[in-house]
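A short worksheet on the structure shown next.
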Amino acid sequence: MPDTLPVPIADDLVCSDSGGIALLASRERATGRICFPARPESDARYDRVVLPRTGRLWSWTVQRFRPKSPPYAGPDAFEPYAVGYVELDGALIVEGRLVDAAFDDLEIGMAMRIVPLPFLLADGSLRTSFGFAPDRGADI
Amino acid sequence: MSEDVFIVGAGIHPFGRTPGLSGLQQGVFAVRQALERAGLEWRDVQFAFGGSDAAGNADTMVSELGLTGIPFINVANGCATGGSAMFGAYSTIKSGEFDLGLAVGFDKHPRGSFSPLPADWGLPAWYGETGLMLTTQFFAMKIQRYMSLHGITPHTLGAVAEKAFANGVLADHAWRREAVDIDTILQSQMVSDPLTKFMFCSPGEGAVALLLASGRKARELGLPAVRLRAAAVRTRPTGSFEVFSPALDLDRGGSPTGLASQAAYEMAGVGPEDIDIAQLQDTEVGAEIMHMAENGFCADGEQTAWIAEGRTRIDGILPVNTDGGCLACGEPIGASGLRQVYENYVQLIGQAGARQVPGKLRLGYSHVYGAPGVSAVAIVER
């Protein structure tokens, strides 16, 4: 499916291959500390790394009112959405939208995986962002 | 040899909404009230630190107060603006440079949530565009995880809000002055799970002014005074969990609150067990609960028992947010940190009226926290 994804919402945010999408991050050479979003590739103090695609839900909430614009660039019509932090295996705890799960089913510790998130901007253009969905395979 | 520093006067413009007055004018109101209560004139003030987050430059107040030529330093430090203004005034007197100065904070925010811009916080545009840049989400996720780790229940969240509104009824300067029962709080509209509408403070308006003096000046004035035993401002350490964080380190660390708290206790030479009254940042109920532990007053998880037993009520062993805090007073960013110190000052000198904490109060503790990971703690002694 990667070939059919819309343009990413930002440069240096996601990469994709046959296994789906993954987040780009940076590892500080001096300390080994990983940081996200990725540093500019020109920053010689960092190496570019790809974050693991799976992890566990670290915390979550539901955004129940439409955020103010700016900075929010989503459509005027609003549906509540879930947001969470996912502890990506051995790397970093990353914040993102949570998808494909009923709000009542969200639980800290549940297995999650990164998925592409089509994001409709208020101007009508479609971009690819990222989200996390329950990794149902991992829990079986 | 550093000087002792005292608070010798305080003024406040009621918090809430005042359509006819700008934030700056509310600041001027607070300064005039502080001066009047202390029997002082503006020309007696030798220097000032002041600021707001969204209501203009504090130093333009001199047009209203008088062109006396004093140094007036504007402070812009987000949620710690008031705390930083007081830190500036405290350090100036402590150094011996001046004997009498002002710390003033004020603000006036539009209705609804704050709408920060990613670039102002060193963040990429997509973080705001996709709806992740909200302070409400951070507070909700911090308490959500804390509840899961330490067995805090929604009932405890509701009890904290109930206490805040009960205290606000008794505070002249509070915005929300009606009691709200716990069932109404728990059943009100969910804003950001697990937090309902009544569990969050709202951006608002208000102003506070404090007059600080050296020990020598305070003795000369002979006013009711409290000694500022500690004023500490700290930023975030590695591994902390802050507002507007696209990612967190796996190795979890301390917090700016922990650092500021520890520094303040060391400066004052006291510990949490010595504190008689505390004003803790309560952007929402979870913040008050977690800040009880981060400031050393209880261990993680003990809040359930503390709150069930009413230990943080005005008649409890450690009254917390005795004027209803941000929950009842609202959050004018530049003023809130100084409101906490104002509240400790009036409590310690026994002029808190209907909300006066009974008994002899010696040590008052105040704590603010805000984006992007800054905290200010002050300890005052009567």
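By convention in this document, the chains of the structure tokens carry letters A, B, ... by their order, each chain's residues are numbered from 1, and ligands are numbered from 1 in the order they are shown.
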
Quick one: everything within 12 Å of B:Val31, counting only C-alpha atoms, minus sequence neighbours fewer than 5 positions away in the same chain. Send it as a PyMOL selection string. chain B and resi 9-13+24-26+36-38+40-42+45+48-50+58+61-62+64-66+101-106+207-211

C-alpha atoms of the current selection, written as a PDB file, in the first residue's frame:
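Once written, out-v4.pdb looks like this:
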ATOM      1  CA  GLY B   9       2.015  44.254  51.450  1.00  0.00           C
ATOM      2  CA  ALA B  10      -0.206  42.671  48.836  1.00  0.00           C
ATOM      3  CA  GLY B  11      -3.045  43.601  46.534  1.00  0.00           C
ATOM      4  CA  ILE B  12      -5.285  41.674  44.200  1.00  0.00           C
ATOM      5  CA  HIS B  13      -7.760  42.438  41.440  1.00  0.00           C
ATOM      6  CA  LEU B  24      -2.735  46.060  32.565  1.00  0.00           C
ATOM      7  CA  GLN B  25      -5.434  48.131  34.288  1.00  0.00           C
ATOM      8  CA  GLN B  26      -6.171  45.204  36.592  1.00  0.00           C
ATOM      9  CA  GLU B  36      -2.867  51.609  50.003  1.00  0.00           C
ATOM     10  CA  ARG B  37      -3.097  48.680  52.391  1.00  0.00           C
ATOM     11  CA  ALA B  38       0.549  49.192  53.342  1.00  0.00           C
ATOM     12  CA  LEU B  40       2.858  53.491  51.067  1.00  0.00           C
ATOM     13  CA  GLU B  41       3.125  55.684  47.961  1.00  0.00           C
ATOM     14  CA  TRP B  42       4.288  54.649  44.502  1.00  0.00           C
ATOM     15  CA  VAL B  45       8.881  51.792  45.473  1.00  0.00           C
ATOM     16  CA  ALA B  48       9.683  46.490  40.045  1.00  0.00           C
ATOM     17  CA  PHE B  49       9.487  43.144  38.263  1.00  0.00           C
ATOM     18  CA  GLY B  50       6.286  42.335  36.440  1.00  0.00           C
ATOM     19  CA  ALA B  58       4.077  45.425  32.708  1.00  0.00           C
ATOM     20  CA  MET B  61       2.081  50.706  34.158  1.00  0.00           C
ATOM     21  CA  VAL B  62       4.323  53.606  35.080  1.00  0.00           C
ATOM     22  CA  GLU B  64      -0.675  55.214  35.414  1.00  0.00           C
ATOM     23  CA  LEU B  65       1.335  54.869  38.591  1.00  0.00           C
ATOM     24  CA  GLY B  66       3.788  57.706  38.135  1.00  0.00           C
ATOM     25  CA  GLY B 101      10.267  46.665  45.491  1.00  0.00           C
ATOM     26  CA  LEU B 102       7.269  45.332  43.634  1.00  0.00           C
ATOM     27  CA  ALA B 103       6.410  42.025  41.982  1.00  0.00           C
ATOM     28  CA  VAL B 104       3.282  42.241  39.850  1.00  0.00           C
ATOM     29  CA  GLY B 105       1.569  39.737  37.549  1.00  0.00           C
ATOM     30  CA  PHE B 106      -1.628  40.093  35.535  1.00  0.00           C
ATOM     31  CA  ALA B 207      -3.855  40.569  38.805  1.00  0.00           C
ATOM     32  CA  VAL B 208      -1.739  40.388  41.953  1.00  0.00           C
ATOM     33  CA  ALA B 209       0.884  42.743  43.363  1.00  0.00           C
ATOM     34  CA  LEU B 210       3.303  42.020  46.199  1.00  0.00           C
ATOM     35  CA  LEU B 211       5.522  44.520  47.982  1.00  0.00           C
TER      36      LEU B 211
END

Considering only C-alpha atoms, extract the chain A residues located within 9 Å of chain B and return them as a ChimeraX atom specification. /A:9-10,33-37,58-74,83-85,87-88,90-97,108,119,121,129

Among the residues of stretch 269-358 of chain B, find those DSSP assigns to strand (DSSP E or B) from the backbone and print them as JSON, numbers by chain. {"B": [277, 278, 279, 280, 284, 320, 331]}

Could you list, as a PyMOL selection string, every residue within 10 Å of B:Met267, counting only C-alpha atoms and ignoring same-chain residues fewer than 2 positions away? chain B and resi 229-232+261-265+269-270+378-379

Keeping only all heavy atoms, take the residues you just selected and write them out as a JSON list (two decimals), in the first residue's frame.
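Saved to again03.json:
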[["chain", "number", "residue", "atom", "x", "y", "z"],
["B", 229, "ARG", "N", 11.33, 32.86, 52.92],
["B", 229, "ARG", "CA", 12.45, 31.99, 53.28],
["B", 229, "ARG", "C", 13.09, 31.34, 52.06],
["B", 229, "ARG", "O", 14.25, 30.92, 52.09],
["B", 229, "ARG", "CB", 11.95, 30.90, 54.24],
["B", 229, "ARG", "CG", 11.56, 31.41, 55.63],
["B", 229, "ARG", "CD", 12.79, 31.62, 56.49],
["B", 229, "ARG", "NE", 13.57, 30.41, 56.63],
["B", 229, "ARG", "CZ", 13.45, 29.53, 57.62],
["B", 229, "ARG", "NH1", 12.57, 29.73, 58.59],
["B", 229, "ARG", "NH2", 14.22, 28.46, 57.67],
["B", 230, "ALA", "N", 12.31, 31.16, 50.99],
["B", 230, "ALA", "CA", 12.87, 30.54, 49.79],
["B", 230, "ALA", "C", 12.06, 30.97, 48.58],
["B", 230, "ALA", "O", 10.85, 31.13, 48.65],
["B", 230, "ALA", "CB", 12.83, 29.02, 49.91],
["B", 231, "ALA", "N", 12.76, 31.17, 47.45],
["B", 231, "ALA", "CA", 12.11, 31.40, 46.16],
["B", 231, "ALA", "C", 13.00, 30.72, 45.12],
["B", 231, "ALA", "O", 14.14, 31.12, 44.91],
["B", 231, "ALA", "CB", 11.97, 32.88, 45.85],
["B", 232, "ALA", "N", 12.49, 29.66, 44.52],
["B", 232, "ALA", "CA", 13.30, 28.88, 43.58],
["B", 232, "ALA", "C", 12.54, 28.67, 42.27],
["B", 232, "ALA", "O", 11.35, 28.39, 42.29],
["B", 232, "ALA", "CB", 13.66, 27.52, 44.20],
["B", 261, "SER", "N", 11.20, 22.24, 44.27],
["B", 261, "SER", "CA", 10.79, 21.94, 45.63],
["B", 261, "SER", "C", 11.99, 21.65, 46.52],
["B", 261, "SER", "O", 12.14, 22.21, 47.61],
["B", 261, "SER", "CB", 9.85, 20.72, 45.57],
["B", 261, "SER", "OG", 9.47, 20.33, 46.85],
["B", 262, "GLN", "N", 12.86, 20.77, 46.03],
["B", 262, "GLN", "CA", 14.05, 20.41, 46.80],
["B", 262, "GLN", "C", 14.92, 21.63, 47.07],
["B", 262, "GLN", "O", 15.40, 21.83, 48.19],
["B", 262, "GLN", "CB", 14.84, 19.38, 45.98],
["B", 262, "GLN", "CG", 15.73, 18.50, 46.82],
["B", 262, "GLN", "CD", 16.37, 17.40, 45.96],
["B", 262, "GLN", "OE1", 16.01, 17.21, 44.78],
["B", 262, "GLN", "NE2", 17.29, 16.69, 46.55],
["B", 263, "ALA", "N", 15.09, 22.46, 46.04],
["B", 263, "ALA", "CA", 15.91, 23.67, 46.21],
["B", 263, "ALA", "C", 15.29, 24.60, 47.26],
["B", 263, "ALA", "O", 15.99, 25.17, 48.10],
["B", 263, "ALA", "CB", 16.04, 24.40, 44.87],
["B", 264, "ALA", "N", 13.96, 24.73, 47.22],
["B", 264, "ALA", "CA", 13.30, 25.64, 48.16],
["B", 264, "ALA", "C", 13.41, 25.12, 49.60],
["B", 264, "ALA", "O", 13.67, 25.89, 50.53],
["B", 264, "ALA", "CB", 11.83, 25.81, 47.77],
["B", 265, "TYR", "N", 13.21, 23.82, 49.77],
["B", 265, "TYR", "CA", 13.36, 23.25, 51.12],
["B", 265, "TYR", "C", 14.78, 23.47, 51.65],
["B", 265, "TYR", "O", 14.98, 23.80, 52.82],
["B", 265, "TYR", "CB", 13.04, 21.76, 51.13],
["B", 265, "TYR", "CG", 11.56, 21.42, 51.00],
["B", 265, "TYR", "CD1", 11.12, 20.47, 50.08],
["B", 265, "TYR", "CD2", 10.61, 22.02, 51.83],
["B", 265, "TYR", "CE1", 9.77, 20.14, 49.96],
["B", 265, "TYR", "CE2", 9.27, 21.70, 51.72],
["B", 265, "TYR", "CZ", 8.85, 20.76, 50.79],
["B", 265, "TYR", "OH", 7.52, 20.45, 50.69],
["B", 269, "GLY", "N", 15.71, 25.59, 54.81],
["B", 269, "GLY", "CA", 16.14, 24.75, 55.92],
["B", 269, "GLY", "C", 14.97, 24.08, 56.62],
["B", 269, "GLY", "O", 15.01, 23.84, 57.83],
["B", 270, "VAL", "N", 13.93, 23.79, 55.85],
["B", 270, "VAL", "CA", 12.76, 23.10, 56.41],
["B", 270, "VAL", "C", 12.40, 21.94, 55.48],
["B", 270, "VAL", "O", 12.93, 21.81, 54.38],
["B", 270, "VAL", "CB", 11.54, 24.03, 56.56],
["B", 270, "VAL", "CG1", 11.88, 25.23, 57.44],
["B", 270, "VAL", "CG2", 11.02, 24.49, 55.20],
["B", 378, "ALA", "N", 7.88, 28.87, 46.38],
["B", 378, "ALA", "CA", 8.24, 29.86, 47.39],
["B", 378, "ALA", "C", 7.78, 29.37, 48.75],
["B", 378, "ALA", "O", 6.74, 28.72, 48.87],
["B", 378, "ALA", "CB", 7.58, 31.21, 47.08],
["B", 379, "ILE", "N", 8.57, 29.66, 49.78],
["B", 379, "ILE", "CA", 8.19, 29.33, 51.15],
["B", 379, "ILE", "C", 8.23, 30.61, 51.96],
["B", 379, "ILE", "O", 9.24, 31.33, 51.96],
["B", 379, "ILE", "CB", 9.14, 28.26, 51.76],
["B", 379, "ILE", "CG1", 9.05, 26.96, 50.95],
["B", 379, "ILE", "CG2", 8.79, 28.01, 53.23],
["B", 379, "ILE", "CD1", 10.05, 25.89, 51.37]]

Out of stretch 225-324 of chain B, which residues get alpha helix (DSSP H) from DSSP, as a compact mmCIF listing (two decimals) with C-alpha atoms, in the first residue's frame?
# COMPACT_ATOMS: atom_id res chain seq x y z
CA PRO B 256 10.98 20.56 37.37
CA THR B 257 8.63 20.61 40.38
CA GLY B 258 10.82 18.09 42.20
CA LEU B 259 13.92 20.20 41.53
CA ALA B 260 12.32 23.52 42.55
CA SER B 261 10.79 21.94 45.63
CA GLN B 262 14.05 20.41 46.80
CA ALA B 263 15.91 23.67 46.21
CA ALA B 264 13.30 25.64 48.16
CA TYR B 265 13.36 23.25 51.12
CA GLU B 266 17.16 23.51 51.20
CA MET B 267 17.11 27.32 51.03
CA ALA B 268 14.56 27.50 53.84
CA VAL B 285 -7.53 18.13 39.73
CA GLY B 286 -4.92 15.56 38.71
CA ALA B 287 -2.21 18.20 38.89
CA GLU B 288 -3.07 18.98 42.51
CA ILE B 289 -3.02 15.27 43.35
CA MET B 290 0.32 14.58 41.65
CA HIS B 291 1.88 17.81 42.92
CA MET B 292 1.12 16.74 46.52
CA ALA B 293 3.63 13.94 45.97
CA GLU B 294 6.07 15.84 43.74
CA GLN B 303 -3.49 10.87 48.05
CA THR B 304 -6.53 8.58 48.09
CA ALA B 305 -6.46 8.38 51.89
CA TRP B 306 -5.40 12.01 52.32
CA ILE B 307 -8.34 13.31 50.32
CA ALA B 308 -10.89 10.81 51.67

So that I can see what lies close to stretch 42-50 of chain A, please list as number ranges by chain the residues with an atom at most 6 Å from it, counting only C-alpha atoms and leaving out residues fewer than 4 positions away in the same chain. A: 23-29

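Distances from B:Ile152, B:Ala213, B:Ala80, B:Val357 to B:Ala376 were compared using only C-alpha atoms, and the smallest one belongs to B:Ala80.
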
Calculated over only C-alpha atoms, which of the candidates B:Ala218, B:Val374, B:Ala171, B:Val380 has the smallest distance to B:Ile275? B:Val380

Find the residues around A:Ala111 up to 9 Å (only C-alpha atoms counted), leave out those fewer than 6 positions away in its own chain, and share them as a list in words. Thr54, Gly55, Arg56, Leu57, Val86, Ala133, Pro134, Asp135, Arg136, Gly137, Ala138 and Asp139 of chain A

Can you write out the residues you just picked, keeping N, CA, C and O atoms, as a PDB file, in the first residue's frame?
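For reference, again04.pdb as written:
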ATOM      1  N   THR A  54       6.244  -1.399  16.699  1.00  0.00           N
ATOM      2  CA  THR A  54       5.292  -1.911  17.699  1.00  0.00           C
ATOM      3  C   THR A  54       5.692  -1.494  19.109  1.00  0.00           C
ATOM      4  O   THR A  54       6.844  -1.143  19.365  1.00  0.00           O
ATOM      5  N   GLY A  55       4.702  -1.553  20.006  1.00  0.00           N
ATOM      6  CA  GLY A  55       4.979  -1.199  21.395  1.00  0.00           C
ATOM      7  C   GLY A  55       3.737  -1.385  22.259  1.00  0.00           C
ATOM      8  O   GLY A  55       2.811  -2.101  21.892  1.00  0.00           O
ATOM      9  N   ARG A  56       3.740  -0.711  23.394  1.00  0.00           N
ATOM     10  CA  ARG A  56       2.634  -0.838  24.371  1.00  0.00           C
ATOM     11  C   ARG A  56       2.074   0.550  24.693  1.00  0.00           C
ATOM     12  O   ARG A  56       2.835   1.523  24.800  1.00  0.00           O
ATOM     13  N   LEU A  57       0.775   0.609  24.907  1.00  0.00           N
ATOM     14  CA  LEU A  57       0.140   1.890  25.231  1.00  0.00           C
ATOM     15  C   LEU A  57       0.596   2.348  26.621  1.00  0.00           C
ATOM     16  O   LEU A  57       0.468   1.615  27.599  1.00  0.00           O
ATOM     17  N   VAL A  86       2.726   5.831  23.102  1.00  0.00           N
ATOM     18  CA  VAL A  86       3.025   4.411  22.932  1.00  0.00           C
ATOM     19  C   VAL A  86       4.516   4.199  23.163  1.00  0.00           C
ATOM     20  O   VAL A  86       5.355   4.888  22.570  1.00  0.00           O
ATOM     21  N   ALA A 133      -2.563   1.779  16.239  1.00  0.00           N
ATOM     22  CA  ALA A 133      -3.753   0.938  16.304  1.00  0.00           C
ATOM     23  C   ALA A 133      -3.440  -0.269  17.184  1.00  0.00           C
ATOM     24  O   ALA A 133      -2.268  -0.658  17.326  1.00  0.00           O
ATOM     25  N   PRO A 134      -4.476  -0.870  17.785  1.00  0.00           N
ATOM     26  CA  PRO A 134      -4.233  -2.093  18.562  1.00  0.00           C
ATOM     27  C   PRO A 134      -3.526  -3.129  17.692  1.00  0.00           C
ATOM     28  O   PRO A 134      -3.906  -3.320  16.536  1.00  0.00           O
ATOM     29  N   ASP A 135      -2.498  -3.776  18.248  1.00  0.00           N
ATOM     30  CA  ASP A 135      -1.752  -4.805  17.526  1.00  0.00           C
ATOM     31  C   ASP A 135      -2.344  -6.145  17.928  1.00  0.00           C
ATOM     32  O   ASP A 135      -1.808  -6.834  18.790  1.00  0.00           O
ATOM     33  N   ARG A 136      -3.465  -6.456  17.309  1.00  0.00           N
ATOM     34  CA  ARG A 136      -4.237  -7.606  17.796  1.00  0.00           C
ATOM     35  C   ARG A 136      -3.449  -8.902  17.653  1.00  0.00           C
ATOM     36  O   ARG A 136      -3.577  -9.788  18.485  1.00  0.00           O
ATOM     37  N   GLY A 137      -2.607  -9.005  16.636  1.00  0.00           N
ATOM     38  CA  GLY A 137      -1.786 -10.203  16.462  1.00  0.00           C
ATOM     39  C   GLY A 137      -0.909 -10.472  17.673  1.00  0.00           C
ATOM     40  O   GLY A 137      -0.724 -11.610  18.107  1.00  0.00           O
ATOM     41  N   ALA A 138      -0.381  -9.385  18.278  1.00  0.00           N
ATOM     42  CA  ALA A 138       0.584  -9.539  19.363  1.00  0.00           C
ATOM     43  C   ALA A 138      -0.057 -10.022  20.654  1.00  0.00           C
ATOM     44  O   ALA A 138       0.604 -10.604  21.508  1.00  0.00           O
ATOM     45  N   ASP A 139      -1.338  -9.769  20.812  1.00  0.00           N
ATOM     46  CA  ASP A 139      -1.973 -10.111  22.084  1.00  0.00           C
ATOM     47  C   ASP A 139      -2.492 -11.533  22.132  1.00  0.00           C
ATOM     48  O   ASP A 139      -2.874 -12.025  23.178  1.00  0.00           O
TER      49      ASP A 139
END

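Nearest to B:Leu228 of all the residues B:Leu67, B:Val368, B:Val160, B:Met86 is B:Met86, counting only C-alpha atoms.
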
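When only C-alpha atoms are used to compute distances to B:Gly296, the closest of the residues B:Asp274, B:Glu220, B:Asp44, B:Glu343 turns out to be B:Asp274.
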
Given only C-alpha atoms as the counted atoms, nearest of A:Thr128, A:Thr31, A:Leu120, A:Ser16 to A:Asp76: A:Leu120

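You can rank B:Val180, B:Ser240, B:Arg339, B:Glu302 by their closest distance to B:Glu162 using only C-alpha atoms, and at the top of that list sits B:Val180.
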
What's the 9 Å shell around A:Ile21, counting only C-alpha atoms, without same-chain residues fewer than 4 positions away, as number ranges by chain? A: 2, 14-17, 53, 114-116, 130
